[in-house]
$ cat structure.txt   # compact mmCIF, C-alpha atoms
# COMPACT_ATOMS: atom_id res chain seq x y z
CA MET A 15 0.00 0.00 0.00
CA LYS A 16 1.31 3.43 -0.91
CA PRO A 17 2.08 5.53 2.21
CA LYS A 18 1.04 9.15 2.58
CA SER A 19 4.40 10.91 2.38
CA ASP A 20 5.97 13.18 -0.22
CA VAL A 21 8.42 10.39 -1.03
CA TRP A 22 7.36 7.43 -3.13
CA SER A 23 9.37 5.95 -5.98
CA CYS A 24 9.74 2.22 -6.61
CA ASN A 25 11.21 1.99 -10.10
CA GLU A 26 12.73 3.99 -12.93
CA TRP A 27 9.65 4.58 -15.10
CA ASP A 28 6.35 5.25 -13.30
CA PRO A 29 4.77 8.69 -14.02
CA LEU A 30 6.93 11.34 -12.35
CA GLN A 31 5.46 13.82 -9.86
CA GLU A 32 8.46 15.30 -8.01
CA VAL A 33 12.19 15.32 -8.67
CA ILE A 34 15.43 16.89 -7.47
CA VAL A 35 17.63 18.27 -10.26
CA GLY A 36 21.31 18.90 -9.58
CA ASN A 37 23.23 22.14 -9.40
CA PRO A 38 26.63 22.60 -11.13
CA LEU A 39 27.48 25.93 -9.45
CA GLY A 40 30.89 25.97 -7.82
CA ALA A 41 31.78 22.55 -9.25
CA ARG A 42 35.40 21.43 -9.09
CA PHE A 43 37.31 18.28 -9.90
CA PRO A 44 37.46 15.91 -6.92
CA THR A 45 40.69 15.91 -4.92
CA ALA A 46 43.41 13.80 -6.52
CA ASP A 47 43.59 10.91 -4.06
CA PRO A 48 43.23 7.10 -4.21
CA SER A 49 39.42 7.29 -3.98
CA THR A 50 39.13 9.63 -6.96
CA ARG A 51 41.57 7.62 -9.03
CA LEU A 52 39.71 4.37 -8.39
CA ALA A 53 36.23 5.77 -9.06
CA GLU A 54 36.87 8.29 -11.84
CA PHE A 55 40.39 8.06 -13.33
CA PRO A 56 41.78 4.50 -12.96
CA ASP A 57 43.84 5.02 -16.12
CA LYS A 58 45.70 8.02 -14.67
CA SER A 59 48.32 8.51 -11.99
CA LEU A 60 47.48 10.84 -9.11
CA ASP A 61 49.61 13.57 -10.72
CA GLU A 62 47.64 13.30 -13.98
CA ILE A 63 44.18 13.76 -12.43
CA PRO A 64 42.83 17.22 -13.35
CA GLN A 65 42.39 19.61 -10.45
CA GLY A 66 40.73 22.92 -9.61
CA THR A 67 37.37 24.31 -10.59
CA PHE A 68 35.62 23.40 -13.81
CA PRO A 69 35.82 26.25 -16.35
CA GLN A 70 33.08 28.80 -15.78
CA TRP A 71 31.79 28.51 -19.34
CA ILE A 72 31.12 24.81 -18.74
CA ILE A 73 29.24 25.57 -15.53
CA ASP A 74 27.24 28.36 -17.20
CA GLU A 75 26.26 26.25 -20.20
CA THR A 76 25.35 23.33 -17.95
CA GLU A 77 23.07 25.48 -15.81
CA GLU A 78 21.46 26.79 -19.01
CA ASP A 79 20.87 23.23 -20.22
CA LEU A 80 19.45 22.16 -16.87
CA GLY A 81 17.08 25.14 -17.03
CA GLU A 82 15.67 23.84 -20.33
CA PHE A 83 15.31 20.37 -18.85
CA ILE A 84 13.50 21.77 -15.82
CA ALA A 85 11.14 23.72 -18.07
CA VAL A 86 10.14 20.46 -19.79
CA LEU A 87 9.61 18.74 -16.45
CA GLU A 88 7.52 21.56 -15.04
CA GLY A 89 5.57 21.70 -18.28
CA ALA A 90 4.67 18.06 -17.64
CA GLY A 91 3.34 19.00 -14.19
CA VAL A 92 6.40 17.80 -12.24
CA THR A 93 7.53 19.58 -9.06
CA VAL A 94 11.26 20.34 -9.26
CA LYS A 95 13.55 21.00 -6.30
CA ARG A 96 17.24 21.82 -6.31
CA PRO A 97 20.08 21.55 -3.80
CA GLU A 98 21.65 24.55 -2.15
CA THR A 99 24.82 25.94 -3.70
CA TRP A 100 27.67 24.54 -1.62
CA ASN A 101 31.19 25.79 -0.94
CA HIS A 102 33.19 23.04 -2.60
CA GLU A 103 36.42 25.00 -2.14
CA ALA A 104 36.34 24.36 1.60
CA THR A 105 38.67 21.71 3.01
CA PHE A 106 37.44 18.98 5.36
CA SER A 107 39.19 16.00 6.88
CA THR A 108 39.18 12.87 9.03
CA ASN A 109 42.09 11.38 10.98
CA ASP A 110 43.20 9.65 7.77
CA TRP A 111 42.76 12.11 4.91
CA GLU A 112 41.93 15.65 3.78
CA ALA A 113 39.90 16.71 0.76
CA ARG A 114 37.98 19.51 -0.89
CA GLY A 115 34.50 19.13 -2.31
CA TYR A 116 33.31 18.09 -5.77
CA TYR A 117 29.85 19.24 -6.93
CA ASN A 118 26.08 18.98 -6.56
CA TYR A 119 25.52 18.03 -10.17
CA CYS A 120 24.52 14.39 -9.64
CA PRO A 121 22.02 13.83 -6.78
CA ARG A 122 21.45 10.32 -8.17
CA ASP A 123 24.80 9.27 -6.73
CA LEU A 124 24.13 10.24 -3.13
CA MET A 125 20.65 9.07 -2.21
CA LEU A 126 18.64 5.96 -3.01
CA VAL A 127 14.85 6.21 -2.94
CA ILE A 128 13.10 2.90 -2.29
CA GLY A 129 9.36 3.37 -1.80
CA ASP A 130 9.01 5.90 1.02
CA GLN A 131 12.63 5.46 2.12
CA ILE A 132 15.54 7.77 1.37
CA ILE A 133 18.90 6.11 2.00
CA GLU A 134 22.05 8.23 2.02
CA THR A 135 24.68 5.91 0.59
CA PRO A 136 28.32 5.46 1.73
CA ASN A 137 29.90 7.15 -1.26
CA VAL A 138 33.31 6.03 -2.41
CA ILE A 139 34.90 9.39 -3.30
CA ARG A 140 36.26 11.32 -0.33
CA SER A 141 35.41 14.66 -1.94
CA ARG A 142 31.71 13.70 -1.70
CA ALA A 143 31.74 13.02 2.04
CA GLN A 144 29.85 16.24 2.84
CA GLU A 145 27.94 16.68 -0.40
CA SER A 146 24.61 15.46 0.97
CA PHE A 147 24.54 18.42 3.39
CA SER A 148 23.44 20.66 0.53
CA TYR A 149 20.23 18.60 0.38
CA ARG A 150 19.65 18.72 4.14
CA SER A 151 16.75 21.21 4.24
CA ILE A 152 14.97 19.27 1.48
CA MET A 153 15.48 16.00 3.35
CA VAL A 154 14.12 17.49 6.56
CA ASP A 155 10.95 18.50 4.73
CA TYR A 156 10.55 14.96 3.39
CA LEU A 157 11.07 13.57 6.88
CA LYS A 158 8.33 15.86 8.19
CA SER A 159 6.03 14.59 5.45
CA GLY A 160 6.36 11.03 6.76
CA ALA A 161 9.27 9.67 4.71
CA ARG A 162 11.80 7.30 6.25
CA TRP A 163 15.26 8.86 6.00
CA TYR A 164 18.46 7.21 7.10
CA SER A 165 22.13 6.83 6.28
CA ALA A 166 24.44 3.92 5.63
CA PRO A 167 27.43 3.57 7.98
CA ARG A 168 29.77 6.42 7.24
CA PRO A 169 32.80 4.90 5.48
CA MET A 170 36.31 5.60 6.74
CA LEU A 171 37.69 5.58 3.15
CA GLN A 172 41.21 4.76 4.23
CA ASP A 173 43.90 4.23 1.62
CA SER A 174 43.74 0.46 2.11
CA LEU A 175 40.16 0.41 0.72
CA PHE A 176 41.56 1.44 -2.66
CA ASP A 177 44.66 -0.77 -2.71
CA VAL A 178 43.36 -2.95 -5.53
CA ASP A 179 44.11 -4.07 -9.08
CA LEU A 180 43.32 -1.02 -11.23
CA ASN A 181 42.48 -3.33 -14.13
CA LYS A 182 39.50 -4.43 -12.02
CA PRO A 183 39.01 -1.33 -9.87
CA THR A 184 36.60 -2.30 -7.11
CA PRO A 185 36.98 -1.07 -3.51
CA ARG A 186 38.08 -3.79 -1.09
CA ASN A 187 35.40 -5.32 1.12
CA ASP A 188 36.76 -3.68 4.27
CA GLU A 189 33.51 -1.74 4.84
CA PRO A 190 30.31 -0.99 2.88
CA ALA A 191 31.05 1.58 0.16
CA PHE A 192 28.80 2.35 -2.81
CA ASP A 193 27.07 5.12 -4.73
CA ALA A 194 23.30 5.07 -5.05
CA ALA A 195 23.73 5.10 -8.84
CA ASN A 196 25.21 1.59 -8.62
CA VAL A 197 21.62 0.41 -8.08
CA MET A 198 18.86 -0.04 -10.67
CA ARG A 199 15.39 -0.24 -9.10
CA LEU A 200 12.94 -2.73 -10.59
CA GLY A 201 10.27 -2.75 -7.91
CA LYS A 202 11.07 -5.44 -5.35
CA ASP A 203 14.16 -6.50 -7.32
CA LEU A 204 17.29 -4.36 -7.46
CA ILE A 205 20.36 -4.92 -9.60
CA TYR A 206 23.57 -3.84 -7.88
CA LEU A 207 26.69 -3.13 -9.94
CA VAL A 208 29.99 -4.05 -8.30
CA SER A 209 32.41 -1.52 -9.78
CA GLY A 210 34.84 1.26 -8.98
CA THR A 211 32.04 3.06 -7.12
CA GLY A 212 30.63 0.10 -5.21
CA ASN A 213 31.99 -2.98 -3.47
CA ARG A 214 30.17 -6.24 -2.81
CA MET A 215 29.85 -5.47 0.89
CA GLY A 216 27.80 -2.39 -0.01
CA GLY A 217 25.21 -4.59 -1.73
CA GLN A 218 25.20 -6.97 1.21
CA TRP A 219 24.52 -4.09 3.59
CA LEU A 220 21.68 -2.90 1.34
CA GLN A 221 20.05 -6.35 1.37
CA THR A 222 20.14 -6.52 5.16
CA ILE A 223 18.55 -3.07 5.48
CA LEU A 224 15.78 -3.69 2.95
CA GLY A 225 14.91 -7.14 4.29
CA ASP A 226 13.33 -10.18 2.68
CA GLU A 227 10.67 -8.24 0.76
CA PHE A 228 13.42 -7.11 -1.64
CA ARG A 229 16.06 -9.02 -3.59
CA VAL A 230 19.45 -7.48 -4.35
CA HIS A 231 21.03 -9.13 -7.40
CA PHE A 232 24.75 -8.62 -7.95
CA PHE A 233 26.11 -7.75 -11.39
CA GLU A 234 29.89 -7.98 -11.40
CA ASP A 235 33.05 -8.70 -13.39
CA VAL A 236 31.62 -6.96 -16.46
CA TYR A 237 31.95 -3.17 -16.15
CA TYR A 238 34.12 -1.50 -13.53
CA GLY A 239 33.96 2.13 -14.67
CA SER A 240 31.34 3.65 -12.42
CA HIS A 241 27.54 3.51 -12.21
CA ILE A 242 24.89 1.22 -13.67
CA ASP A 243 22.76 3.77 -15.52
CA SER A 244 24.77 3.94 -18.73
CA THR A 245 24.83 0.15 -18.90
CA PHE A 246 21.14 -0.63 -18.31
CA VAL A 247 18.10 1.63 -18.74
CA ALA A 248 14.76 0.22 -17.58
CA LEU A 249 12.22 1.87 -19.87
CA ARG A 250 9.03 0.18 -18.69
CA PRO A 251 8.00 -3.23 -17.35
CA GLY A 252 9.21 -5.79 -19.88
CA LEU A 253 11.57 -3.51 -21.84
CA MET A 254 15.26 -2.88 -21.08
CA LEU A 255 17.76 -0.81 -23.05
CA CYS A 256 21.32 -2.19 -22.82
CA ASN A 257 24.78 -0.95 -23.70
CA PRO A 258 26.21 -3.20 -26.44
CA GLY A 259 29.75 -2.22 -25.49
CA ARG A 260 29.31 -3.98 -22.14
CA ILE A 261 26.29 -6.28 -22.37
CA ASN A 262 25.55 -9.25 -24.60
CA ASP A 263 23.33 -12.31 -24.45
CA ASP A 264 26.00 -14.23 -22.54
CA ASN A 265 26.55 -11.84 -19.63
CA LEU A 266 23.01 -10.48 -19.40
CA PRO A 267 21.71 -11.10 -15.85
CA GLU A 268 19.36 -14.08 -15.73
CA LEU A 269 16.70 -11.89 -14.18
CA LEU A 270 16.54 -9.65 -17.24
CA LYS A 271 16.17 -12.51 -19.70
CA GLN A 272 12.48 -12.44 -18.82
CA TRP A 273 12.19 -9.02 -20.51
CA ASP A 274 12.62 -7.78 -24.07
CA ILE A 275 16.15 -6.46 -24.53
CA ILE A 276 17.08 -3.76 -27.02
CA TYR A 277 20.65 -2.60 -27.62
CA SER A 278 21.60 1.02 -28.05
CA PRO A 279 23.18 2.11 -31.33
CA PRO A 280 26.62 3.75 -31.10
CA MET A 281 26.70 7.21 -29.56
CA GLU A 282 26.85 10.17 -31.93
CA ASN A 283 28.70 13.49 -31.56
CA THR A 284 30.72 12.10 -28.68
CA ASN A 285 33.47 14.73 -28.52
CA PRO A 286 32.88 18.13 -30.12
CA TYR A 287 35.44 19.92 -27.92
CA GLY A 288 38.81 18.33 -28.72
CA ALA A 289 41.46 16.09 -27.17
CA ASP A 290 42.29 18.22 -24.11
CA TYR A 291 38.62 18.36 -23.11
CA LEU A 292 38.31 14.62 -23.60
CA SER A 293 41.39 13.89 -21.49
CA LYS A 294 39.80 15.68 -18.50
CA SER A 295 36.30 14.26 -18.95
CA ILE A 296 34.80 12.08 -16.22
CA GLY A 297 32.04 10.40 -18.25
CA SER A 298 32.49 7.54 -20.69
CA GLU A 299 31.72 7.57 -24.41
CA TRP A 300 28.31 6.07 -23.49
CA ILE A 301 27.21 8.83 -21.13
CA ASP A 302 24.48 10.08 -23.49
CA MET A 303 22.74 6.70 -23.26
CA ASN A 304 21.87 7.94 -19.76
CA LEU A 305 18.14 8.52 -20.29
CA PHE A 306 15.54 9.69 -17.79
CA SER A 307 11.93 8.49 -17.82
CA ILE A 308 9.27 11.10 -17.15
CA SER A 309 6.68 8.36 -17.62
CA PRO A 310 6.55 4.89 -19.22
CA ASP A 311 5.77 6.67 -22.49
CA LEU A 312 8.11 9.69 -22.34
CA VAL A 313 11.89 9.85 -21.90
CA ALA A 314 14.39 12.71 -21.87
CA VAL A 315 17.13 11.91 -24.39
CA ASP A 316 20.20 13.67 -25.74
CA ARG A 317 18.96 15.25 -28.94
CA ASP A 318 22.10 14.36 -30.90
CA GLN A 319 21.43 10.63 -30.46
CA THR A 320 19.26 10.41 -33.56
CA GLU A 321 19.56 6.64 -34.03
CA LEU A 322 18.78 5.98 -30.39
CA ILE A 323 15.74 8.25 -30.65
CA LYS A 324 14.53 6.28 -33.66
CA LEU A 325 14.97 3.01 -31.75
CA LEU A 326 12.98 4.31 -28.77
CA GLU A 327 10.21 5.63 -30.99
CA LYS A 328 10.08 2.27 -32.78
CA HIS A 329 9.25 0.72 -29.40
CA GLY A 330 6.42 3.12 -28.70
CA LEU A 331 8.20 5.74 -26.60
CA ASN A 332 7.87 9.47 -27.02
CA VAL A 333 11.06 11.49 -26.72
CA ALA A 334 11.85 14.88 -25.18
CA PRO A 335 15.00 15.81 -27.16
CA LEU A 336 17.23 17.87 -24.88
CA LYS A 337 20.92 18.53 -24.39
CA LEU A 338 23.48 18.45 -21.61
CA ARG A 339 26.46 19.80 -23.52
CA HIS A 340 28.92 18.79 -20.83
CA SER A 341 27.53 15.44 -19.75
CA LYS A 342 30.86 13.82 -20.59
CA MET A 343 33.07 16.38 -18.84
CA LEU A 344 30.95 16.38 -15.66
CA GLY A 345 30.12 12.68 -15.80
CA GLY A 346 26.34 12.89 -15.77
CA GLY A 347 23.43 12.58 -18.19
CA PHE A 348 19.72 13.10 -17.54
CA HIS A 349 19.36 10.17 -15.14
CA CYS A 350 22.49 11.17 -13.22
CA VAL A 351 21.40 14.77 -12.64
CA THR A 352 18.03 13.76 -11.21
CA LEU A 353 16.69 12.06 -8.11
CA ASP A 354 13.07 11.05 -8.59
CA ILE A 355 11.33 11.62 -5.29
CA ARG A 356 7.74 10.81 -6.10
CA ARG A 357 6.21 8.73 -8.86
CA GLU A 358 2.76 7.27 -9.26
CA GLY A 359 2.33 3.53 -9.01
CA THR A 360 2.74 0.80 -6.42
CA LEU A 361 5.55 -1.43 -5.21
CA GLN A 362 5.44 -4.57 -7.35
CA ARG A 363 7.47 -7.61 -8.33
CA TYR A 364 8.02 -7.72 -12.09
CA PHE A 365 9.82 -11.07 -12.39
CA ASP A 366 8.18 -14.47 -12.12
CA GLU A 367 10.99 -16.40 -10.46
CA PRO A 368 13.87 -15.29 -8.27
CA SER A 369 17.30 -15.35 -9.83
CA THR A 370 20.40 -16.03 -7.80
CA VAL A 371 20.17 -13.70 -4.84
CA ALA A 372 23.03 -12.11 -2.94
CA ASP A 373 24.69 -14.52 -0.54
CA VAL A 374 24.18 -12.29 2.50

$ encode --input "structure.txt" --output "structure tokens"
Amino acid sequence: MKPKSDVWSCNEWDPLQEVIVGNPLGARFPTADPSTRLAEFPDKSLDEIPQGTFPQWIIDETEEDLGEFIAVLEGAGVTVKRPETWNHEATFSTNDWEARGYYNYCPRDLMLVIGDQIIETPNVIRSRAQESFSYRSIMVDYLKSGARWYSAPRPMLQDSLFDVDLNKPTPRNDEPAFDAANVMRLGKDLIYLVSGTGNRMGGQWLQTILGDEFRVHFFEDVYYGSHIDSTFVALRPGLMLCNPGRINDDNLPELLKQWDIIYSPPMENTNPYGADYLSKSIGSEWIDMNLFSISPDLVAVDRDQTELIKLLEKHGLNVAPLKLRHSKMLGGGFHCVTLDIRREGTLQRYFDEPSTVADV
């Protein structure tokens, strides 16, 4: 039964009613430390990781693009909230490390909404350790409305957590550590990506917190780069968009073989800004496959992805063609920059038989 709180979202596609959209103001590259290298730049040494603030023209154009996205959402009757602008220049520390902030561009990474629950996740990057504070007043309002709001154990993020094989960059299982965007919500089933931004212990912790009503299914040893939402996109019950650079019929999770699978065409217009821009970019070449469902029939899509748009329309979806010009540089497409807070619908199970469940 759906509770009476402002928070209710059980999957990636039900009709959207309220959403948080990120804020790029004051954004800077995360501090060059072992956590940042593992999660964002495993192919670079610490000295090669870009530092400082993102160029102002990138921030300005991103805020302009987000404004157009918000106008579409509000035009569809969606309530939009945004985080406070945060001082990412400030330095903070623990007994083990010191860092500056990162950004508020991707709320999807910080908080996981499961029904009427908001879970602050134990993020892997040290520079994100205080990022959720910029959402604090919004979270307090949701708590007052009746939502359940809690946090995972705060990770220590010591150097030893990141002392791993950078060819398979996954944090050690010393403590739970994962980003919310490592999780794809399919009602009572969740797929959890073990990658550079989430270890297996993080998924085990999530299973224990959610209890037997939910099943957390691990997806591992396939893609280590970051989050799950440029690998799988759940469009509606029975239809999944997959990344052909990472997924094929052999490594597709057993759970998803019950649905129709469509594979994205190659991305178009992947680097209009040159080699230096590309060398500093956080997102992969597939970042513009990162779609966001406004409803089961309407998705926000990068307008340059003409072949992908045709594929979606062929399968009965309407498209809102929009643009995030710096999705690759900032590492976030339309799904990344949103946190759906309230959708219509009920909590359901969409799969007939359980697949192999986490051994927790």

$ atom_distance --input "structure.txt" --atom1 "CA of Ile323 (chain A)" --atom2 "CA of Leu266 (chain A)"
23.0 Å

$ residues_around --input "structure.txt" --residues "region 132-147 of chain A" --least-positions-apart "4" --cutoff "7 Å" --atoms "only C-alpha atoms" --output "VMD selection string"
chain A and resid 44 to 45 49 to 50 53 113 to 116 118 124 to 128 162 to 169 171 190 to 194 211

$ atom_distance --input "structure.txt" --atom1 "CA of Asn181 (chain A)" --atom2 "CA of Arg122 (chain A)"
25.8 Å

$ atom_distance --input "structure.txt" --atom1 "CA of Asn265 (chain A)" --atom2 "CA of Ser244 (chain A)"
15.9 Å

$ closest_residue --input "structure.txt" --among "A:Pro121, A:Gly288, A:Pro310, A:Gly297" --to "Glu26 (chain A)" --atoms "all atoms listed in the file"
A:Pro310

$ closest_residue --input "structure.txt" --among "A:Ala41, A:Leu338, A:Tyr156, A:Gly210" --to "Glu75 (chain A)" --atoms "only C-alpha atoms"
A:Leu338

$ residues_near_point --input "structure.txt" --point "(34.0, 20.0, -9.3)" --cutoff "12 Å" --atoms "only C-alpha atoms" --output "number ranges by chain"
A: 37-46, 50, 64-70, 72-73, 100-104, 114-120, 141-142, 145, 294-296, 343-345

$ closest_residue --input "structure.txt" --among "A:Leu270, A:Asp20, A:Phe228, A:Tyr149" --to "Val247 (chain A)" --atoms "all atoms listed in the file"
A:Leu270

$ residues_around --input "structure.txt" --residues "Ile301 (chain A)" --least-positions-apart "2" --cutoff "8 Å" --atoms "only C-alpha atoms" --output "list in words"
Ser244, Gly297, Ser298, Glu299, Met303, Asn304, Ser341, Lys342, Gly345, Gly346 and Gly347 of chain A

$ residues_around --input "structure.txt" --residues "region 254-260 of chain A" --least-positions-apart "3" --cutoff "8 Å" --atoms "all atoms listed in the file" --output "list in words"
Val236, Tyr237, Ser244, Thr245, Phe246, Val247, Ala248, Leu249, Arg250, Leu270, Trp273, Asp274, Ile275, Ile276, Tyr277, Ser278, Pro279, Trp300 and Met303 of chain A

$ write_last_selection --input "structure.txt" --atoms "C-alpha atoms" --output "CSV table (one decimal), in the coordinates of the input"
chain,number,residue,atom,x,y,z
A,236,VAL,CA,31.6,-7.0,-16.5
A,237,TYR,CA,32.0,-3.2,-16.2
A,244,SER,CA,24.8,3.9,-18.7
A,245,THR,CA,24.8,0.2,-18.9
A,246,PHE,CA,21.1,-0.6,-18.3
A,247,VAL,CA,18.1,1.6,-18.7
A,248,ALA,CA,14.8,0.2,-17.6
A,249,LEU,CA,12.2,1.9,-19.9
A,250,ARG,CA,9.0,0.2,-18.7
A,270,LEU,CA,16.5,-9.6,-17.2
A,273,TRP,CA,12.2,-9.0,-20.5
A,274,ASP,CA,12.6,-7.8,-24.1
A,275,ILE,CA,16.2,-6.5,-24.5
A,276,ILE,CA,17.1,-3.8,-27.0
A,277,TYR,CA,20.6,-2.6,-27.6
A,278,SER,CA,21.6,1.0,-28.0
A,279,PRO,CA,23.2,2.1,-31.3
A,300,TRP,CA,28.3,6.1,-23.5
A,303,MET,CA,22.7,6.7,-23.3

$ closest_residue --input "structure.txt" --among "A:Asp311, A:Asp130, A:Glu282, A:Asp79" --to "Arg357 (chain A)" --atoms "only C-alpha atoms"
A:Asp130

$ closest_residue --input "structure.txt" --among "A:Thr93, A:Lys337, A:Thr108, A:Asp226" --to "Gly81 (chain A)" --atoms "all atoms listed in the file"
A:Lys337

$ closest_residue --input "structure.txt" --among "A:Ser19, A:Asn109, A:Gln221, A:Thr284" --to "Asp203 (chain A)" --atoms "only C-alpha atoms"
A:Gln221

$ residues_near_point --input "structure.txt" --point "(2.3, 12.2, -13.2)" --cutoff "10 Å" --atoms "only C-alpha atoms" --output "PyMOL selection string"
chain A and resi 28-32+90-93+308-309+356-359
